[in-house]
Structure formats: structure tokens, C-alpha cells
>>> print(open('coords-v7.csv').read())   # CSV, C-alpha atoms
chain,number,residue,atom,x,y,z
A,23,MET,CA,19.8,13.8,-5.9
A,24,ARG,CA,19.2,11.6,-9.0
A,25,ILE,CA,16.3,9.3,-8.1
A,26,LEU,CA,14.9,6.4,-10.1
A,27,VAL,CA,11.3,5.5,-9.4
A,28,LEU,CA,10.5,2.1,-10.9
A,29,GLY,CA,6.9,2.9,-11.6
A,30,GLY,CA,6.0,6.6,-11.1
A,31,THR,CA,2.9,6.9,-13.3
A,32,VAL,CA,0.1,5.9,-10.9
A,33,PHE,CA,-0.9,6.4,-7.3
A,34,LEU,CA,2.0,6.0,-4.8
A,35,GLY,CA,4.7,5.9,-7.5
A,36,LYS,CA,3.4,9.1,-9.1
A,37,ALA,CA,3.0,10.8,-5.7
A,38,THR,CA,6.5,9.8,-4.8
A,39,ALA,CA,7.9,11.1,-8.1
A,40,ALA,CA,6.0,14.3,-7.8
A,41,GLU,CA,7.2,14.9,-4.2
A,42,ALA,CA,10.8,14.3,-5.3
A,43,VAL,CA,10.4,16.7,-8.2
A,44,GLY,CA,8.9,19.3,-5.9
A,45,ARG,CA,12.0,19.2,-3.8
A,46,GLY,CA,14.3,19.8,-6.7
A,47,HIS,CA,15.5,16.3,-7.3
A,48,ASP,CA,16.3,14.9,-10.8
A,49,VAL,CA,13.7,12.1,-11.1
A,50,VAL,CA,13.5,9.3,-13.7
A,51,CYS,CA,10.3,7.2,-13.8
A,52,ALA,CA,10.7,3.8,-15.5
A,53,ALA,CA,7.4,2.3,-16.7
A,54,ARG,CA,5.5,1.2,-19.7
A,55,GLY,CA,3.4,4.3,-19.5
A,56,GLN,CA,0.1,2.4,-20.3
A,57,SER,CA,-1.5,3.1,-16.9
A,58,GLY,CA,-0.6,6.8,-16.6
A,59,GLN,CA,1.9,9.5,-17.1
A,60,ALA,CA,4.9,10.6,-15.1
A,61,PRO,CA,4.4,13.8,-13.2
A,62,ALA,CA,5.5,17.1,-14.7
A,63,GLY,CA,9.2,17.7,-14.2
A,64,ALA,CA,10.1,14.0,-14.2
A,65,THR,CA,11.7,12.1,-17.1
A,66,HIS,CA,9.7,9.1,-18.3
A,67,VAL,CA,11.8,6.2,-19.6
A,68,VAL,CA,9.7,3.5,-21.3
A,69,VAL,CA,10.6,0.0,-20.1
A,70,ASP,CA,9.0,-3.4,-20.0
A,71,ARG,CA,10.0,-5.0,-16.7
A,72,ASP,CA,9.0,-8.4,-18.1
A,73,VAL,CA,12.0,-8.1,-20.4
A,74,ASP,CA,14.6,-5.7,-19.0
A,75,LEU,CA,15.2,-2.1,-17.9
A,76,GLY,CA,16.3,-1.1,-21.4
A,77,PRO,CA,18.4,2.1,-21.5
A,78,LEU,CA,18.7,2.1,-17.7
A,79,GLU,CA,20.8,-1.1,-17.7
A,80,GLY,CA,24.0,-0.4,-15.8
A,81,ALA,CA,22.9,3.1,-14.7
A,82,ARG,CA,23.7,4.5,-11.3
A,83,PHE,CA,21.4,6.6,-9.1
A,84,ASP,CA,21.6,8.2,-5.7
A,85,ALA,CA,18.4,6.4,-4.8
A,86,VAL,CA,16.0,3.9,-6.2
A,87,VAL,CA,12.3,3.4,-5.2
A,88,ASP,CA,10.9,0.1,-6.5
A,89,LEU,CA,7.2,-0.3,-6.5
A,90,ALA,CA,7.0,-3.7,-8.2
A,91,THR,CA,3.4,-4.7,-7.5
A,92,MET,CA,3.7,-8.5,-7.6
A,93,SER,CA,6.8,-9.9,-9.2
A,94,VAL,CA,10.0,-11.1,-7.5
A,95,THR,CA,11.5,-11.5,-11.0
A,96,TRP,CA,11.2,-7.7,-11.5
A,97,VAL,CA,12.8,-7.0,-8.1
A,98,ARG,CA,15.8,-9.3,-8.7
A,99,ARG,CA,16.3,-7.9,-12.2
A,100,ALA,CA,16.3,-4.3,-11.0
A,101,LEU,CA,18.8,-5.1,-8.2
A,102,ARG,CA,21.1,-6.6,-10.9
A,103,SER,CA,20.6,-3.9,-13.5
A,104,VAL,CA,21.0,-0.6,-11.7
A,105,SER,CA,22.9,0.5,-8.6
A,106,ALA,CA,22.2,3.1,-6.0
A,107,ASP,CA,23.4,4.5,-2.6
A,108,HIS,CA,19.9,4.0,-1.2
A,109,TRP,CA,17.2,1.4,-2.1
A,110,THR,CA,13.6,1.5,-1.2
A,111,PHE,CA,11.2,-1.4,-1.8
A,112,VAL,CA,7.5,-0.9,-1.3
A,113,SER,CA,6.1,-4.0,0.2
A,114,SER,CA,2.8,-4.6,1.9
A,115,CYS,CA,1.3,-5.6,5.3
A,116,SER,CA,-0.2,-8.5,3.3
A,117,VAL,CA,3.2,-10.3,4.0
A,118,TYR,CA,1.8,-11.3,7.5
A,119,ALA,CA,0.5,-14.8,7.9
A,120,ASP,CA,-2.0,-14.0,10.7
A,121,HIS,CA,-4.5,-11.2,10.4
A,122,SER,CA,-6.6,-12.3,13.3
A,123,THR,CA,-4.2,-11.9,16.1
A,124,PRO,CA,-3.0,-8.3,17.0
A,125,GLY,CA,0.8,-8.1,17.1
A,126,SER,CA,1.5,-11.2,15.1
A,127,THR,CA,4.7,-10.8,13.1
A,128,ALA,CA,5.1,-14.2,11.4
A,129,THR,CA,5.2,-13.8,7.6
A,130,LEU,CA,4.0,-16.0,4.8
A,131,ALA,CA,6.3,-18.5,3.2
A,132,PRO,CA,7.9,-16.9,0.1
A,133,LEU,CA,6.6,-17.8,-3.3
A,134,GLU,CA,8.1,-17.4,-6.8
A,135,ASP,CA,6.3,-15.8,-9.7
A,136,ASP,CA,3.8,-18.1,-11.5
A,137,HIS,CA,1.6,-16.5,-14.1
A,138,ASP,CA,-0.6,-19.6,-14.3
A,139,ALA,CA,-1.4,-19.6,-10.5
A,140,PRO,CA,-4.7,-18.0,-9.4
A,141,MET,CA,-4.4,-14.6,-7.8
A,142,SER,CA,-5.2,-14.5,-4.1
A,143,PRO,CA,-4.3,-12.2,-1.2
A,144,ASP,CA,-2.0,-14.8,0.3
A,145,ARG,CA,-0.2,-15.3,-3.0
A,146,TYR,CA,0.2,-11.5,-3.3
A,147,GLY,CA,1.7,-11.4,0.2
A,148,ALA,CA,3.9,-14.4,-0.3
A,149,ILE,CA,5.5,-12.9,-3.5
A,150,LYS,CA,6.0,-9.7,-1.5
A,151,VAL,CA,7.9,-11.8,1.1
A,152,ALA,CA,10.1,-13.3,-1.7
A,153,SER,CA,10.7,-9.8,-3.0
A,154,GLU,CA,11.7,-8.5,0.4
A,155,ASN,CA,14.1,-11.4,0.7
A,156,ALA,CA,15.6,-10.6,-2.6
A,157,VAL,CA,16.3,-7.0,-1.6
A,158,ARG,CA,17.9,-8.2,1.7
A,159,ASP,CA,20.0,-10.7,-0.1
A,160,ALA,CA,21.3,-8.0,-2.4
A,161,ARG,CA,21.5,-5.1,0.0
A,162,GLY,CA,21.9,-6.7,3.5
A,163,ASP,CA,20.6,-4.3,6.1
A,164,ASP,CA,21.2,-1.4,3.8
A,165,ALA,CA,17.6,-1.2,2.5
A,166,PHE,CA,14.4,0.6,3.3
A,167,ILE,CA,11.5,-1.8,3.2
A,168,VAL,CA,8.0,-0.2,3.4
A,169,ARG,CA,5.2,-2.6,4.3
A,170,ALA,CA,2.3,-0.4,3.3
A,171,GLY,CA,-1.1,-0.8,4.8
A,172,LEU,CA,-4.2,0.7,3.4
A,173,ILE,CA,-3.1,3.7,1.3
A,174,THR,CA,-5.8,6.3,0.6
A,175,GLY,CA,-6.0,9.7,-1.0
A,176,PRO,CA,-5.8,11.1,-4.5
A,177,GLY,CA,-5.5,8.4,-7.2
A,178,ASP,CA,-6.8,5.6,-5.0
A,179,LYS,CA,-8.9,3.6,-7.5
A,180,SER,CA,-10.3,1.3,-4.9
A,181,ASP,CA,-11.5,4.3,-2.9
A,182,ARG,CA,-12.3,2.3,0.2
A,183,PHE,CA,-11.9,5.4,2.4
A,184,GLY,CA,-13.5,7.7,-0.1
A,185,TYR,CA,-16.6,5.6,-0.3
A,186,TRP,CA,-17.5,6.6,3.2
A,187,VAL,CA,-16.9,10.3,2.6
A,188,ASN,CA,-19.1,10.2,-0.5
A,189,ARG,CA,-21.9,8.1,1.1
A,190,LEU,CA,-22.1,10.1,4.4
A,191,ALA,CA,-22.1,13.4,2.5
A,192,LYS,CA,-25.4,12.2,0.9
A,193,GLY,CA,-27.1,11.9,4.3
A,194,GLY,CA,-30.1,9.8,5.1
A,195,ARG,CA,-30.0,6.4,6.8
A,196,VAL,CA,-26.5,5.0,6.3
A,197,ALA,CA,-25.7,1.4,6.9
A,198,VAL,CA,-22.5,0.9,8.9
A,199,PRO,CA,-21.1,-2.3,10.3
A,200,ASP,CA,-21.9,-3.0,13.9
A,201,ALA,CA,-18.3,-3.7,14.8
A,202,PRO,CA,-17.4,-1.4,17.7
A,203,ASP,CA,-14.2,-3.3,18.5
A,204,GLN,CA,-12.9,-3.4,14.9
A,205,PRO,CA,-9.8,-1.1,14.4
A,206,ALA,CA,-9.2,0.9,11.3
A,207,GLN,CA,-6.0,2.6,10.0
A,208,HIS,CA,-4.7,4.0,6.8
A,209,VAL,CA,-2.0,6.3,5.4
A,210,ASP,CA,-2.5,9.1,3.0
A,211,VAL,CA,-0.6,8.6,-0.2
A,212,ARG,CA,1.0,12.1,0.1
A,213,ASP,CA,2.3,11.4,3.6
A,214,LEU,CA,3.7,8.1,2.5
A,215,ALA,CA,5.3,9.6,-0.6
A,216,ALA,CA,6.9,12.3,1.5
A,217,TRP,CA,8.3,9.8,3.9
A,218,ILE,CA,9.8,7.7,1.1
A,219,VAL,CA,11.6,10.8,-0.2
A,220,ASP,CA,12.7,11.8,3.3
A,221,ALA,CA,14.2,8.3,3.7
A,222,ALA,CA,16.1,8.6,0.5
A,223,GLU,CA,17.5,11.9,1.5
A,224,GLN,CA,18.4,10.8,5.0
A,225,ARG,CA,19.5,7.3,4.1
A,226,VAL,CA,16.9,5.7,6.4
A,227,THR,CA,17.0,1.9,6.5
A,228,GLY,CA,15.0,-0.9,8.1
A,229,THR,CA,11.6,-2.6,7.7
A,230,TYR,CA,8.5,-0.7,8.8
A,231,ASP,CA,4.8,-1.1,8.7
A,232,ALA,CA,3.9,2.1,6.8
A,233,ILE,CA,0.6,3.0,8.3
A,234,GLY,CA,-1.1,5.6,10.5
A,235,PRO,CA,-2.4,5.0,14.0
A,236,ALA,CA,-5.3,2.7,14.6
A,237,ASN,CA,-8.6,3.9,15.8
A,238,PRO,CA,-12.0,2.1,16.2
A,239,LEU,CA,-13.8,2.0,12.9
A,240,SER,CA,-16.9,3.4,14.5
A,241,LEU,CA,-14.9,6.5,15.6
A,242,VAL,CA,-13.4,6.9,12.1
A,243,LEU,CA,-16.9,6.8,10.5
A,244,GLY,CA,-18.3,9.1,13.2
A,245,GLU,CA,-15.6,11.7,12.5
A,246,ILE,CA,-16.2,11.5,8.8
A,247,ALA,CA,-19.9,12.0,9.4
A,248,GLY,CA,-19.1,15.0,11.6
A,249,ALA,CA,-17.1,16.5,8.8
A,250,VAL,CA,-19.4,15.9,5.8
A,251,ALA,CA,-22.8,14.5,6.7
A,252,PRO,CA,-25.8,16.9,6.5
A,253,GLN,CA,-28.0,17.4,9.6
A,254,GLY,CA,-30.3,14.5,10.3
A,255,THR,CA,-28.0,11.8,8.9
A,256,GLN,CA,-28.4,8.5,10.7
A,257,LEU,CA,-25.7,5.8,11.1
A,258,VAL,CA,-27.6,2.5,11.3
A,259,ARG,CA,-25.5,-0.3,12.8
A,260,VAL,CA,-26.0,-3.6,11.0
A,261,PRO,CA,-24.8,-6.8,12.6
A,262,ASP,CA,-22.3,-9.1,10.8
A,263,ASP,CA,-24.9,-11.9,10.4
A,264,VAL,CA,-27.4,-9.6,8.8
A,265,LEU,CA,-24.8,-8.2,6.3
A,266,GLN,CA,-23.8,-11.8,5.4
A,267,ARG,CA,-27.3,-12.9,5.0
A,268,HIS,CA,-27.8,-10.1,2.5
A,269,GLU,CA,-24.6,-11.1,0.7
A,270,VAL,CA,-22.8,-7.9,1.6
A,271,THR,CA,-19.0,-8.6,1.3
A,272,PRO,CA,-16.3,-7.2,3.6
A,273,TRP,CA,-13.4,-4.9,2.8
A,274,ALA,CA,-13.7,-4.0,-0.9
A,275,GLY,CA,-15.3,-4.9,-4.3
A,276,PRO,CA,-18.9,-5.2,-5.5
A,277,ARG,CA,-21.7,-5.3,-2.9
A,278,SER,CA,-19.2,-4.5,-0.1
A,279,LEU,CA,-19.1,-2.3,2.9
A,280,PRO,CA,-15.5,-0.9,2.6
A,281,LEU,CA,-13.2,-1.3,5.6
A,282,TRP,CA,-15.5,-3.8,7.3
A,283,LEU,CA,-13.6,-6.9,8.2
A,284,PRO,CA,-14.6,-10.4,9.3
A,285,PRO,CA,-13.3,-11.7,12.6
A,286,SER,CA,-10.6,-13.7,10.8
A,287,HIS,CA,-9.0,-10.4,9.6
A,288,ARG,CA,-9.8,-8.0,12.4
A,289,ALA,CA,-6.1,-7.3,13.0
A,290,LEU,CA,-5.5,-6.4,9.4
A,291,MET,CA,-5.8,-2.8,10.3
A,292,PHE,CA,-4.2,-3.0,13.7
A,293,ARG,CA,-0.5,-2.9,12.9
A,294,ASP,CA,2.0,-1.1,15.1
A,295,ALA,CA,2.5,2.3,13.6
A,296,GLY,CA,4.9,3.4,16.3
A,297,PRO,CA,8.3,2.5,14.7
A,298,ALA,CA,7.3,4.2,11.4
A,299,LEU,CA,6.1,7.3,13.2
A,300,ALA,CA,9.3,7.5,15.2
A,301,ALA,CA,11.2,7.2,11.9
A,302,GLY,CA,9.5,10.2,10.4
A,303,LEU,CA,6.2,9.0,8.9
>>> encode(input="coords-v7.csv", output="C-alpha cells")
Amino acid sequence: MRILVLGGTVFLGKATAAEAVGRGHDVVCAARGQSGQAPAGATHVVVDRDVDLGPLEGARFDAVVDLATMSVTWVRRALRSVSADHWTFVSSCSVYADHSTPGSTATLAPLEDDHDAPMSPDRYGAIKVASENAVRDARGDDAFIVRAGLITGPGDKSDRFGYWVNRLAKGGRVAVPDAPDQPAQHVDVRDLAAWIVDAAEQRVTGTYDAIGPANPLSLVLGEIAGAVAPQGTQLVRVPDDVLQRHEVTPWAGPRSLPLWLPPSHRALMFRDAGPALAAGL
């Protein structure tokens, strides 16, 4: 197959391109090339998606994988500029409007690109909604829309999962959130990349939450400790109010405890993985 990866130089895009190359496909990665390099065996075509797709305009592929991060303009331009038998768009579980109620499927209202608007998680999710709509408008039901959850593994610059492996491997007294009911789920970038290539080969369509099964965060941290922590390591549970009082932030970023979520977002990592698993993830 001839596969176009719109991206292909960092994290999931690079992993997807590498997986496709490893299976013997002819892979083209379209990107500026400022954030990374295409994997060995793939052809890198330099494009600026803010302008056009350059030499790829009018080209045809067996499959396209679009990893447009946050631009419905990019998505619409790609749909107009190239054609393919199978189209994958990588979206996000951030499209959901309610992250406090398990099972909620309502999505945010779509938003157009606005480079002057302040960045926020809701704006990111709303632009992903608009991008999904653009794909459906162009392709109907003939599209594979991947609503990725927390992606982990090699190349993850946020390293929210890797933080815990690194910290627990050092041993000692380890502060962990006292949130026994909080779920946690993630998907390894290599598994997600393999499923995206599987879907292109098998012409899988539909919209899926691309995520692994949910487990209690306390179980996840306990299993990591069991794998890497030296003897004598203590996991010290710290209540939410104590963490907040000491200005520890949830989820990610400076002074955070990665993967810890406030009650308003406790369902963020409790999406239904069943349909994706049944479809081959």
C-alpha cells in the first residue's frame, strides 16, 4: 500500500509511519521537519500545512493518516488536496464535554481556528470536534476516527506515565494521590500505531475511543512499584486537600502529580475501551 502520514516525524505519527514501513508499505511523511525526522525507510516531503500540501496536491494514496494537532483548516485542506481509499483522522477524548460523569458521550460544540484565542483544553477539544465533522462531511461513514486517550511510551514528551516509573524506581517515601476510586487508563503508542495501520489494511471505519482498559490508579501505581521499586519503598497516600494546600497541580505540568485528577475530571480516564478492543486495538 501507498500510505500518506500527515505528520510522521514525532511520537504517534512517527510510530505509525515506522510500523507501516516495517510491514513493507510505501510511506510518505508530510511535515515541515522542524520537530523531528521521518523514520528510516519513509519518504519525507516537506510541506507547510498553513499554506498547502505543496507537491502532494492532487496525489492519490491507498490510505491517509491525518494527525492534525489543532487545526480544522489543515484537515479540510487535506481532504480537498489528496484522495485515498481509506482515511484515518486522529482525534482526542478531549472532544467530550463532560469529564465528571462516566459514560457521558456528549461532545463540545465545534469551534473554528482562531490563532488569537487563548489555548485551553476545551478549545483543543472543540477544534477536534470541528475536524471530525469535516472528515465526516467529506467522507460520510467511510472514515476511521480515532479518539485517542492518554498515549504513552517512547517519544512521549509529557511522560506522565513515565514519571511514576522513574520516581518509584528511586525508592524511598513516594507521595501518591489518595484517590482509591480514581480510574486510570492509557494506550501505548506502539499498540495504537499498529492498530492504525491494521485499520488502513483492513479498511476499518467508525469512531472509537482509542484507549486501553481502565483500572484503579492505586492498582496501576502498585503494579509499577511491584515491577521497579526497590525493597522498602513506601507509597504514602496524600489527600486531595493536602495536595491542593501545597499547590500541587493535577494531571501534568510543573509541580504536578501526573495522572491525578480532580473530581471534576475523574471520568477523563474512564472511557469505554470495549469497542476499540473488539475492533482490533
>>> atom_distance(input="coords-v7.csv", atom1="CA of Arg54 in chain A", atom2="CA of Leu101 in chain A")
18.7 Å
>>> closest_atom_pairs(input="coords-v7.csv", of="range 195-230 of chain A", to="range 273-286 of chain A", cutoff="12 Å", atoms="all atoms listed in the file", output="tab-separated table")
residue	atom	partner	partner_atom	distance
A:Val196	CA	A:Leu279	CA	10.9
A:Ala197	CA	A:Leu279	CA	8.6
A:Val198	CA	A:Leu279	CA	7.6
A:Pro199	CA	A:Trp282	CA	6.5
A:Asp200	CA	A:Trp282	CA	9.2
A:Ala201	CA	A:Trp282	CA	8.0
A:Pro202	CA	A:Trp282	CA	10.8
A:Asp203	CA	A:Pro285	CA	10.3
A:Gln204	CA	A:Leu283	CA	7.6
A:Pro205	CA	A:Leu283	CA	9.3
A:Ala206	CA	A:Leu281	CA	7.3
A:Gln207	CA	A:Leu281	CA	9.3
A:His208	CA	A:Leu281	CA	10.1
>>> atom_distance(input="coords-v7.csv", atom1="CA of Thr110 in chain A", atom2="CA of Phe183 in chain A")
26.0 Å
>>> residues_around(input="coords-v7.csv", residues="Asp136 in chain A", least_positions_apart="3", cutoff="10 Å", atoms="only C-alpha atoms", output="PyMOL selection string")
chain A and resi 93+133+139-141+145+149
>>> closest_residue(input="coords-v7.csv", among="A:Val209, A:Leu26, A:Ala131, A:Leu214", to="Ser105 in chain A", atoms="only C-alpha atoms")
A:Leu26
>>> atom_distance(input="coords-v7.csv", atom1="CA of Ser153 in chain A", atom2="CA of Val49 in chain A")
23.5 Å
>>> closest_residue(input="coords-v7.csv", among="A:Pro252, A:Gly177, A:Pro261, A:Gly234", to="Ala300 in chain A", atoms="all atoms listed in the file")
A:Gly234
>>> residues_around(input="coords-v7.csv", residues="Gly244 in chain A", least_positions_apart="3", cutoff="12 Å", atoms="all atoms listed in the file", output="list in words")
Trp186, Val187, Leu190, Val196, Val198, Pro202, Asn237, Pro238, Leu239, Ser240, Leu241, Ala247, Gly248, Ala249, Val250, Ala251, Thr255, Gln256, Leu257, Val258 and Arg259 of chain A
>>> write_last_selection(input="coords-v7.csv", atoms="C-alpha atoms", output="compact mmCIF listing (two decimals), in the frame of the given file")
# COMPACT_ATOMS: atom_id res chain seq x y z
CA TRP A 186 -17.50 6.60 3.20
CA VAL A 187 -16.90 10.30 2.60
CA LEU A 190 -22.10 10.10 4.40
CA VAL A 196 -26.50 5.00 6.30
CA VAL A 198 -22.50 0.90 8.90
CA PRO A 202 -17.40 -1.40 17.70
CA ASN A 237 -8.60 3.90 15.80
CA PRO A 238 -12.00 2.10 16.20
CA LEU A 239 -13.80 2.00 12.90
CA SER A 240 -16.90 3.40 14.50
CA LEU A 241 -14.90 6.50 15.60
CA ALA A 247 -19.90 12.00 9.40
CA GLY A 248 -19.10 15.00 11.60
CA ALA A 249 -17.10 16.50 8.80
CA VAL A 250 -19.40 15.90 5.80
CA ALA A 251 -22.80 14.50 6.70
CA THR A 255 -28.00 11.80 8.90
CA GLN A 256 -28.40 8.50 10.70
CA LEU A 257 -25.70 5.80 11.10
CA VAL A 258 -27.60 2.50 11.30
CA ARG A 259 -25.50 -0.30 12.80
>>> residues_around(input="coords-v7.csv", residues="Gly302 in chain A", least_positions_apart="6", cutoff="9 Å", atoms="all atoms listed in the file", output="PyMOL selection string")
chain A and resi 217+220-221
>>> closest_residue(input="coords-v7.csv", among="A:Pro235, A:Pro77, A:Gly35, A:Gly30", to="Ala215 in chain A", atoms="all atoms listed in the file")
A:Gly35
>>> closest_residue(input="coords-v7.csv", among="A:Gly193, A:Ala37, A:Thr229, A:Pro176", to="Phe111 in chain A", atoms="all atoms listed in the file")
A:Thr229
>>> closest_residue(input="coords-v7.csv", among="A:Pro297, A:Gly125, A:Gly175, A:Gly254", to="Asp213 in chain A", atoms="only C-alpha atoms")
A:Gly175
>>> closest_residue(input="coords-v7.csv", among="A:Thr31, A:Gln266, A:Gln224, A:Thr271", to="Ala301 in chain A", atoms="only C-alpha atoms")
A:Gln224
>>> residues_around(input="coords-v7.csv", residues="Val104 in chain A", least_positions_apart="2", cutoff="6 Å", atoms="all atoms listed in the file", output="number ranges by chain")
A: 80-82
>>> residues_around(input="coords-v7.csv", residues="Asp163 in chain A", least_positions_apart="5", cutoff="10 Å", atoms="all atoms listed in the file", output="list in words")
Val157, Arg158, Thr227, Gly228 and Thr229 of chain A
>>> decode(input="coords-v7.csv", residues="range 207-228 of chain A", atoms="N, CA, C and O atoms", output="tab-separated table (two decimals), in the first residue's frame")
chain	number	residue	atom	x	y	z
A	207	GLN	N	-6.29	5.00	32.70
A	207	GLN	CA	-6.14	4.18	31.50
A	207	GLN	C	-5.23	4.89	30.52
A	207	GLN	O	-5.14	6.11	30.52
A	208	HIS	N	-4.56	4.12	29.70
A	208	HIS	CA	-3.65	4.69	28.71
A	208	HIS	C	-3.53	3.70	27.56
A	208	HIS	O	-4.05	2.58	27.62
A	209	VAL	N	-2.85	4.12	26.51
A	209	VAL	CA	-2.57	3.23	25.39
A	209	VAL	C	-1.13	3.47	24.97
A	209	VAL	O	-0.69	4.62	24.87
A	210	ASP	N	-0.38	2.40	24.78
A	210	ASP	CA	1.00	2.53	24.34
A	210	ASP	C	1.02	2.97	22.88
A	210	ASP	O	0.25	2.46	22.05
A	211	VAL	N	1.91	3.90	22.57
A	211	VAL	CA	1.96	4.47	21.23
A	211	VAL	C	2.19	3.40	20.17
A	211	VAL	O	1.67	3.49	19.05
A	212	ARG	N	2.93	2.34	20.51
A	212	ARG	CA	3.21	1.29	19.53
A	212	ARG	C	1.97	0.46	19.24
A	212	ARG	O	1.74	0.04	18.10
A	213	ASP	N	1.15	0.23	20.28
A	213	ASP	CA	-0.10	-0.51	20.06
A	213	ASP	C	-1.07	0.32	19.22
A	213	ASP	O	-1.75	-0.22	18.33
A	214	LEU	N	-1.16	1.62	19.52
A	214	LEU	CA	-2.08	2.48	18.76
A	214	LEU	C	-1.62	2.60	17.31
A	214	LEU	O	-2.44	2.54	16.38
A	215	ALA	N	-0.31	2.75	17.09
A	215	ALA	CA	0.20	2.83	15.73
A	215	ALA	C	-0.09	1.56	14.95
A	215	ALA	O	-0.50	1.60	13.77
A	216	ALA	N	0.09	0.41	15.58
A	216	ALA	CA	-0.18	-0.86	14.91
A	216	ALA	C	-1.65	-0.97	14.53
A	216	ALA	O	-2.00	-1.45	13.43
A	217	TRP	N	-2.54	-0.50	15.41
A	217	TRP	CA	-3.98	-0.57	15.11
A	217	TRP	C	-4.35	0.37	13.96
A	217	TRP	O	-5.18	0.03	13.11
A	218	ILE	N	-3.73	1.54	13.91
A	218	ILE	CA	-4.00	2.47	12.81
A	218	ILE	C	-3.59	1.84	11.47
A	218	ILE	O	-4.32	1.94	10.47
A	219	VAL	N	-2.45	1.18	11.44
A	219	VAL	CA	-2.02	0.53	10.20
A	219	VAL	C	-2.91	-0.67	9.89
A	219	VAL	O	-3.28	-0.90	8.73
A	220	ASP	N	-3.29	-1.44	10.92
A	220	ASP	CA	-4.25	-2.53	10.71
A	220	ASP	C	-5.52	-2.01	10.05
A	220	ASP	O	-6.06	-2.61	9.11
A	221	ALA	N	-6.03	-0.89	10.58
A	221	ALA	CA	-7.28	-0.33	10.08
A	221	ALA	C	-7.15	0.09	8.62
A	221	ALA	O	-8.09	-0.09	7.82
A	222	ALA	N	-6.00	0.64	8.24
A	222	ALA	CA	-5.78	1.01	6.84
A	222	ALA	C	-5.77	-0.23	5.95
A	222	ALA	O	-6.35	-0.23	4.86
A	223	GLU	N	-5.11	-1.27	6.42
A	223	GLU	CA	-5.03	-2.50	5.63
A	223	GLU	C	-6.38	-3.19	5.49
A	223	GLU	O	-6.71	-3.74	4.44
A	224	GLN	N	-7.17	-3.14	6.56
A	224	GLN	CA	-8.44	-3.88	6.61
A	224	GLN	C	-9.65	-3.00	6.32
A	224	GLN	O	-10.78	-3.48	6.36
A	225	ARG	N	-9.42	-1.71	6.04
A	225	ARG	CA	-10.49	-0.75	5.73
A	225	ARG	C	-11.50	-0.64	6.87
A	225	ARG	O	-12.71	-0.61	6.66
A	226	VAL	N	-11.00	-0.56	8.09
A	226	VAL	CA	-11.86	-0.37	9.25
A	226	VAL	C	-12.39	1.06	9.26
A	226	VAL	O	-11.64	2.01	9.00
A	227	THR	N	-13.65	1.24	9.55
A	227	THR	CA	-14.25	2.57	9.66
A	227	THR	C	-14.99	2.70	10.97
A	227	THR	O	-15.22	1.71	11.68
A	228	GLY	N	-15.40	3.91	11.31
A	228	GLY	CA	-16.12	4.16	12.54
A	228	GLY	C	-15.35	5.09	13.46
A	228	GLY	O	-14.22	5.47	13.18
